[in-house]
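Scroll down for the structure; my scribbles are underneath it.
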Protein chains: 2
Amino acid sequence: MTEGSEGGTGRHVVAGLAKIGMALRSRAWREGERLGLTPTQAQALGLVRARAPRPVRLSQVADDLQVTQATASDAVSALVRKGLLSKDRAPDDARAVALRLTAAGEAAADGIAEWPDFLLRSVDALDECEQAAFLRGLVKMIRDLQVRGDIPVARMCVTCRFFRPHVHDDPRAPHHCGFVDAPLGDRDLRIDCPEQEQASPGQQEAAWDRFVRNGAA
Amino acid sequence: MTEGSEGGTGRHVVAGLAKIGMALRSRAWREGERLGLTPTQAQALGLVRARAPRPVRLSQVADDLQVTQATASDAVSALVRKGLLSKDRAPDDARAVALRLTAAGEAAADGIAEWPDFLLRSVDALDECEQAAFLRGLVKMIRDLQVRGDIPVARMCVTCRFFRPHVHDDPRAPHHCGFVDAPLGDRDLRIDCPEQEQASPGQQEAAWDRFVRNGAA
DNA sequence: AATTATATTTAGGATTCCTAATTAATAGGA
DNA sequence: TCCTATTAATTAGGAATCCTAAATATAATT
C-alpha cells in the first residue's frame with residue numbers, strides 16, 4: 001500500500017508546481033506591460049529593493065534569478081536605461097557594480113509588489129493549518145534543492161545563523177529568531193529574508209536535524 | 001496571535017513557489033540544449049505526448065502553456081521543422097490543425113520526461129504524509145486559481161465527472177475514480193490526468209463541497 | 001612581475017512573447 | 001440561402017529572453 005502510489009504522488013506534486021510556475025510567468029508578462037517591465041526586469045528590480053539599502057552586484061542578480069550574467073546584464077542595462085536603477089562602481093571592488101534604486105525605481109518597485117497577489121488570494125483558500133503545513137513542505141524541498149546545488153542562494157531561516165529551532169514550549173511558535181529576538185512558528189519561516197546570514201555548514205546541519213526531528217509532532 | 005503572522009505565511013508561500021518556478025524554468029533552458037529544445041518547445045512536445053493518441057490542436061497548446069496562439073504557433077512550427085511533430089488539418093474542422101508525434105518526436109519526448117527529476121528528488125525529502133498534505137494544498141490552490149479564471153484548463157480529479165469524493169471508509173483511499181473504477185486517496189489526486197473530463201459546474205460544486213468538508217479529518 | 005581568477009560587458013543568434021492584422025472556415029440568424 | 005459574427009490559425013514587426021563564447025578590466029596569488 002505504501003508502494004502502491006509510490007512515485008505517483010511526487011509526480012502529481014511536480015505537475016502542480018509546474019502549473020503554478022507557468023501561471024506566475026505568464027502573469028508576469030501580462031502585468032509587466034502596465035509598468036513597461038518584463039518579468040526578468042521586474043525580478044531584478046524587486047531583488048534590488050529587497051536588499052536595500054545595500055547596493056547589489058550584477059552577479060547577485062544573475063545568481064538570484066538563475067540566469068547567466070549576460071542575461072542579467074541585459075536586464076539591468078534596460079532598467080538603467082529606463083531610469084529605475086543607478087549603476088556605479090562598487091567602492092570595494094573596481095570590477096564590480098553597485099546597483100541601487102532611483103526614486104522612480106522605488107515607485108516602480110512598489111507597483112510590482114502586487115503582482116503575485118492573484119496567487120496570494122489562492123493561498124488563502126487554504127486554512128491556517130494547511131498553509132503552515134504547505135510552507136513547511138516548501139521549506140523542506142527548497143532546502144533540499146539548495147543542498148543538492150540545484151538552487152543557488154535561498155536566504156531561508158533554516159539555514160540562517162540566527163535560527164534556533166525548538167527552543168520554546170509554545171507549539172505555535174517553538175523556534176526563535178536571534179536577529180529580531182522573537183519566537184517563530186512554522187508559519188513564520190521565511191524563504192527570502194533580507195536579514196538572513198548563512199550559518200556554517202555544521203551549524204546548519206545541527207539546526208536542521210533538530211528542526212526535522214522535533215517537527216514530526 | 002492568529003493575526004500576528006497573518007499575511008506573512010501566504011507571502012512566504014508565494015516566495016517559495018516563485019523560487020521553485022524559477023528553478024524549473026532555468027533547468028528547462030539548460031537541459032533543453034541536450035535535445036536542442038527550448039522550454040516552450042519541450043512543454044508543447046510533452047503536451048502532445050500526454051494527450052496521445054488523440055491529436056492536439058494549436059489552441060490547446062496555447063491554453064495549456066498559457067501563451068498566445070502566436071507564441072504557440074512559433075513553438076509548434078519549430079517542432080515541425082525539427083521533425084518531431086506532424087501537422088495535419090483536423091478532420092472535423094478544416095480551420096484547425098491536428099498535431100501528432102513523429103517517431104523522432106516520441107524518442108525526444110521520452111528524453112524530456114526526465115527533466116523535472118531534480119525536483120522529484122526533492123519532493124522525496126518529504127515523508128509520505130507530508131507529500132499528501134502538500135499535494136492536497138496544491139490541488140486546493142490550483143482549483144481556486146481555475147475558479148477565479150487565473151488558470152485556464154487543469155485536468156484535475158476534483159473537477160472531473162468521474163470523481164466521487166468520500167465514498168469509501170478507508171481513510172487512506174476514501175475517494176473513487178469512476179473511470180478506472182478504483183479507490184483513490186488524497187495522495188493519488190491528479191492535476192493533469194489524460195482521461196479527465198470536466199464535470200458540469202453543478203457537479204463540480206457538489207463534489208468540491210463534499211471533498212473539502214469531509215477532508216478536515 | 002607574472003599568472004590565475006573574478007566581475008562584467010559585448011557580439012551573435014535562436015527563441016520567446018506580445019499586439020495587431022490577415023486568411024480561412026464554421027455557426028447562427030434573417 | 002445569404003450575411004454576419006465567431007473561431008482557428010498564421011504572419012509581420014519588434015522588444016526582450018536566454019544561451020555560448022570572446023573580450024576587457026581589476027583583484028588576488030604565486
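As shown in the C-alpha cells, the chain order sets the letters A, B, ...; within each chain, residues go from 1, and ligands are also counted from 1 in the order they appear.
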
Near chain A, which residues of chain D fall within 12 Å when you count only C-alpha atoms (C1' of nucleotides), and what do they look like as a VMD selection string? chain D and resid 15 to 21 24 to 28

Could you turn the residues from that selection into a file that holds C-alpha atoms (C1' of nucleotides), as an mmCIF file, in the first residue's frame?
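The file below, again.cif, is the result:
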data_model
loop_
_atom_site.group_PDB
_atom_site.id
_atom_site.type_symbol
_atom_site.label_atom_id
_atom_site.label_comp_id
_atom_site.auth_asym_id
_atom_site.auth_seq_id
_atom_site.Cartn_x
_atom_site.Cartn_y
_atom_site.Cartn_z
ATOM 1 C "C1'" DA D 15 11.423 44.243 -27.799
ATOM 2 C "C1'" DA D 16 13.220 41.005 -24.522
ATOM 3 C "C1'" DT D 17 14.984 36.483 -23.025
ATOM 4 C "C1'" DC D 18 18.495 33.444 -22.978
ATOM 5 C "C1'" DC D 19 22.375 30.996 -24.325
ATOM 6 C "C1'" DT D 20 27.717 30.482 -25.584
ATOM 7 C "C1'" DA D 21 31.969 32.475 -26.478
ATOM 8 C "C1'" DT D 24 38.135 43.827 -21.010
ATOM 9 C "C1'" DA D 25 39.491 45.290 -16.704
ATOM 10 C "C1'" DT D 26 40.598 44.596 -11.942
ATOM 11 C "C1'" DA D 27 41.900 41.590 -7.938
ATOM 12 C "C1'" DA D 28 44.280 38.007 -5.802
#

Per DSSP on the backbone, what are the strand (DSSP E) residues of chain B, as a list in words? Leu85, Ser86, Lys87, Asp88, Arg89, Ala90, Asp93, Ala94, Arg95, Ala96, Val97, Ala98, Leu99, Arg100, Leu101, Phe163, Arg164, His175, His176, Cys177, Ala182, Pro183 and Leu184 of chain B

Minimum-distance residue to chain A, chosen among C:DA7, C:DA30, C:DA25, C:DA1 (using only C-alpha atoms (C1' of nucleotides)):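 Of the candidates, the smallest distance to chain A is held by C:DA7.
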
When you look at Gly185 of chain A with a cut-off of 9 Å (counting only C-alpha atoms (C1' of nucleotides)), what residues show up, excluding the ones that are within fewer than 5 positions of it in the same chain? I need them as a PyMOL selection string. (chain A and resi 132+170-176) or (chain B and resi 5)

Excluding segment 144-146 of chain B and any residue of its chain fewer than 5 positions from it, enumerate the residues within 12 Å of it, using only C-alpha atoms (C1' of nucleotides), and give them as a ChimeraX atom specification. /A:16,19-20,23-24,117-126 /B:137-139,151-156,158-159,191,205,208

Keeping only C-alpha atoms, write those residues as a PDB file, in the first residue's frame.
ATOM      1  CA  GLY A  16       1.183  21.065  -9.850  1.00  0.00           C
ATOM      2  CA  LYS A  19       1.468  24.599 -13.451  1.00  0.00           C
ATOM      3  CA  ILE A  20       1.783  27.310 -10.852  1.00  0.00           C
ATOM      4  CA  ALA A  23       0.855  30.835 -14.238  1.00  0.00           C
ATOM      5  CA  LEU A  24       3.346  33.059 -12.450  1.00  0.00           C
ATOM      6  CA  ASP A 117      -1.477  38.870  -5.434  1.00  0.00           C
ATOM      7  CA  PHE A 118      -3.514  36.601  -7.646  1.00  0.00           C
ATOM      8  CA  LEU A 119      -1.577  33.693  -6.223  1.00  0.00           C
ATOM      9  CA  LEU A 120      -1.731  35.049  -2.703  1.00  0.00           C
ATOM     10  CA  ARG A 121      -5.509  35.049  -2.928  1.00  0.00           C
ATOM     11  CA  SER A 122      -5.475  31.386  -3.815  1.00  0.00           C
ATOM     12  CA  VAL A 123      -3.100  30.561  -0.991  1.00  0.00           C
ATOM     13  CA  ASP A 124      -5.820  31.942   1.233  1.00  0.00           C
ATOM     14  CA  ALA A 125      -8.070  29.144   0.013  1.00  0.00           C
ATOM     15  CA  LEU A 126      -6.055  27.061   2.468  1.00  0.00           C
TER      16      LEU A 126
ATOM     17  CA  GLY B 137      -2.734  22.080  -0.732  1.00  0.00           C
ATOM     18  CA  LEU B 138      -1.673  22.310  -4.347  1.00  0.00           C
ATOM     19  CA  VAL B 139      -4.983  20.895  -5.505  1.00  0.00           C
ATOM     20  CA  ILE B 151      -5.526  29.481 -14.847  1.00  0.00           C
ATOM     21  CA  PRO B 152      -7.259  28.081 -17.917  1.00  0.00           C
ATOM     22  CA  VAL B 153      -7.641  24.333 -18.102  1.00  0.00           C
ATOM     23  CA  ALA B 154      -6.230  21.994 -15.433  1.00  0.00           C
ATOM     24  CA  ARG B 155      -7.370  18.463 -15.904  1.00  0.00           C
ATOM     25  CA  MET B 156      -7.784  17.679 -12.244  1.00  0.00           C
ATOM     26  CA  VAL B 158     -11.528  17.315  -8.363  1.00  0.00           C
ATOM     27  CA  THR B 159     -13.210  18.821 -11.410  1.00  0.00           C
ATOM     28  CA  ILE B 191      -3.540  17.574 -11.570  1.00  0.00           C
ATOM     29  CA  GLU B 205     -19.530  22.397  -6.843  1.00  0.00           C
ATOM     30  CA  TRP B 208     -15.900  20.034  -4.086  1.00  0.00           C
TER      31      TRP B 208
END

Give me the residues near segment 19-24 of chain C as a PyMOL selection string, where near means some atom within 9 Å (using only C-alpha atoms (C1' of nucleotides)) and where sequence neighbours in that chain fewer than 5 positions away do not count. (chain B and resi 94-95) or (chain D and resi 8-12)

Using only C-alpha atoms (C1' of nucleotides), what table do you get, as CSV, when you list each residue of chain C with an atom no more than 9 Å from chain B, its nearest pair of atoms, and their distance in Å rounded to one decimal, rows by chain then rising number?
residue,atom,partner,partner_atom,distance
C:DT15,C1',B:Thr38,CA,7.4
C:DT16,C1',B:Thr71,CA,7.2
C:DC17,C1',B:Thr71,CA,6.3
C:DC18,C1',B:Thr68,CA,8.1
C:DA24,C1',B:Arg95,CA,6.7
C:DA25,C1',B:Arg95,CA,5.4
C:DT26,C1',B:Asp93,CA,8.0

So that I can see what lies close to segment 49-61 of chain B, please list as a VMD selection string the residues with an atom at most 10 Å from it, counting only C-alpha atoms (C1' of nucleotides) and leaving out residues fewer than 3 positions away in the same chain. (chain B and resid 40 43 to 46 64 to 73 75 to 76 86 to 90 96 to 101 105 to 106 109 to 110 153 192 to 195) or (chain D and resid 8 to 9)

Go ahead and write the selection's residues with C-alpha atoms (C1' of nucleotides) as a CSV table (one decimal), in the first residue's frame.
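Produced file out-v4.csv, reproduced below:
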chain,number,residue,atom,x,y,z
B,40,THR,CA,8.3,26.1,-24.6
B,43,GLN,CA,6.4,21.7,-23.0
B,44,ALA,CA,4.5,21.6,-26.2
B,45,LEU,CA,6.0,18.3,-27.1
B,46,GLY,CA,5.2,16.9,-23.7
B,64,ASP,CA,-2.1,24.7,-21.7
B,65,LEU,CA,1.2,26.7,-21.9
B,66,GLN,CA,-0.6,29.9,-21.1
B,67,VAL,CA,0.9,31.8,-24.0
B,68,THR,CA,-0.8,33.4,-27.0
B,69,GLN,CA,-1.6,31.5,-30.1
B,70,ALA,CA,1.2,33.4,-31.9
B,71,THR,CA,3.8,32.1,-29.5
B,72,ALA,CA,2.4,28.6,-29.6
B,73,SER,CA,2.4,28.7,-33.4
B,75,ALA,CA,7.0,26.8,-31.0
B,76,VAL,CA,5.0,24.2,-32.9
B,86,SER,CA,3.4,16.3,-37.7
B,87,LYS,CA,0.9,19.0,-38.5
B,88,ASP,CA,-2.3,18.0,-40.5
B,89,ARG,CA,-5.7,19.5,-40.9
B,90,ALA,CA,-8.1,18.4,-38.2
B,96,ALA,CA,-7.8,23.6,-37.0
B,97,VAL,CA,-4.7,21.5,-37.1
B,98,ALA,CA,-4.0,18.0,-35.8
B,99,LEU,CA,-0.6,17.8,-34.1
B,100,ARG,CA,0.9,14.3,-33.6
B,101,LEU,CA,4.2,13.0,-32.5
B,105,GLY,CA,9.2,13.1,-31.5
B,106,GLU,CA,8.4,10.1,-29.3
B,109,ALA,CA,9.5,13.2,-25.6
B,110,ASP,CA,10.9,10.2,-23.6
B,153,VAL,CA,-7.6,24.3,-18.1
B,192,ASP,CA,-3.0,16.7,-15.2
B,193,CYS,CA,-4.9,13.5,-15.9
B,194,PRO,CA,-5.1,12.4,-19.6
B,195,GLU,CA,-8.5,10.8,-19.0
D,8,DA,C1',-8.5,28.6,-35.7
D,9,DA,C1',-4.5,29.6,-37.2

Compare A:Gly111, A:Gly36, A:Pro91, A:Pro183 by their minimum atom-to-atom distance to chain B, counting only C-alpha atoms, and give me the closest one.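 Among the listed residues, A:Pro183 lies closest to chain B.
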
Name the residues of segment 44-85 of chain B that come out as helix (DSSP H, G or I) in a backbone DSSP run; write them as a list in words.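 Output for segment 44-85 of chain B, helix (DSSP H, G or I) only: Ala44, Leu45, Gly46, Leu47, Val48, Arg49, Ala50, Arg51, Leu58, Ser59, Gln60, Val61, Ala62, Asp63, Asp64, Leu65, Gln69, Ala70, Thr71, Ala72, Ser73, Asp74, Ala75, Val76, Ser77, Ala78, Leu79, Val80 and Arg81 of chain B.
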
Mind writing the picked residues with C-alpha atoms as a PDB file, in the first residue's frame?
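This is the output file selection_0.pdb:
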ATOM      1  CA  ALA B  44       4.492  21.606 -26.222  1.00  0.00           C
ATOM      2  CA  LEU B  45       6.036  18.283 -27.119  1.00  0.00           C
ATOM      3  CA  GLY B  46       5.221  16.920 -23.691  1.00  0.00           C
ATOM      4  CA  LEU B  47       1.639  18.062 -24.022  1.00  0.00           C
ATOM      5  CA  VAL B  48       1.169  16.281 -27.323  1.00  0.00           C
ATOM      6  CA  ARG B  49       2.555  13.130 -25.833  1.00  0.00           C
ATOM      7  CA  ALA B  50       0.391  13.406 -22.745  1.00  0.00           C
ATOM      8  CA  ARG B  51      -2.711  13.634 -24.904  1.00  0.00           C
ATOM      9  CA  LEU B  58      -2.790  24.608 -31.580  1.00  0.00           C
ATOM     10  CA  SER B  59      -5.229  26.408 -29.320  1.00  0.00           C
ATOM     11  CA  GLN B  60      -4.913  23.597 -26.788  1.00  0.00           C
ATOM     12  CA  VAL B  61      -1.189  24.119 -26.754  1.00  0.00           C
ATOM     13  CA  ALA B  62      -1.628  27.844 -26.267  1.00  0.00           C
ATOM     14  CA  ASP B  63      -4.123  27.355 -23.435  1.00  0.00           C
ATOM     15  CA  ASP B  64      -2.113  24.737 -21.663  1.00  0.00           C
ATOM     16  CA  LEU B  65       1.162  26.652 -21.869  1.00  0.00           C
ATOM     17  CA  GLN B  69      -1.566  31.481 -30.103  1.00  0.00           C
ATOM     18  CA  ALA B  70       1.161  33.369 -31.913  1.00  0.00           C
ATOM     19  CA  THR B  71       3.770  32.096 -29.480  1.00  0.00           C
ATOM     20  CA  ALA B  72       2.364  28.594 -29.605  1.00  0.00           C
ATOM     21  CA  SER B  73       2.398  28.723 -33.377  1.00  0.00           C
ATOM     22  CA  ASP B  74       6.089  29.633 -33.324  1.00  0.00           C
ATOM     23  CA  ALA B  75       6.995  26.795 -30.993  1.00  0.00           C
ATOM     24  CA  VAL B  76       4.960  24.242 -32.920  1.00  0.00           C
ATOM     25  CA  SER B  77       6.433  25.369 -36.222  1.00  0.00           C
ATOM     26  CA  ALA B  78       9.896  24.886 -34.761  1.00  0.00           C
ATOM     27  CA  LEU B  79       8.989  21.359 -33.665  1.00  0.00           C
ATOM     28  CA  VAL B  80       7.609  20.543 -37.101  1.00  0.00           C
ATOM     29  CA  ARG B  81      10.768  21.936 -38.686  1.00  0.00           C
TER      30      ARG B  81
END

Which of these, B:Ala207, B:Met141, B:Ala107, B:Leu35, has the shortest distance to chain A once you count only C-alpha atoms?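 Comparing B:Ala207, B:Met141, B:Ala107, B:Leu35 against chain A, the winner is B:Met141.
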
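Nearest-residue note for chain B: choosing from A:Leu84, A:Ala42, A:Val180, A:Ile142, the minimum distance belongs to A:Ile142, counting only C-alpha atoms.
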
Calculated over only C-alpha atoms, which of the candidates B:Ala103, B:Cys160, B:Val212, B:Ala199 has the smallest distance to chain A?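 Going through B:Ala103, B:Cys160, B:Val212, B:Ala199 one by one, the smallest distance to chain A is for B:Val212.
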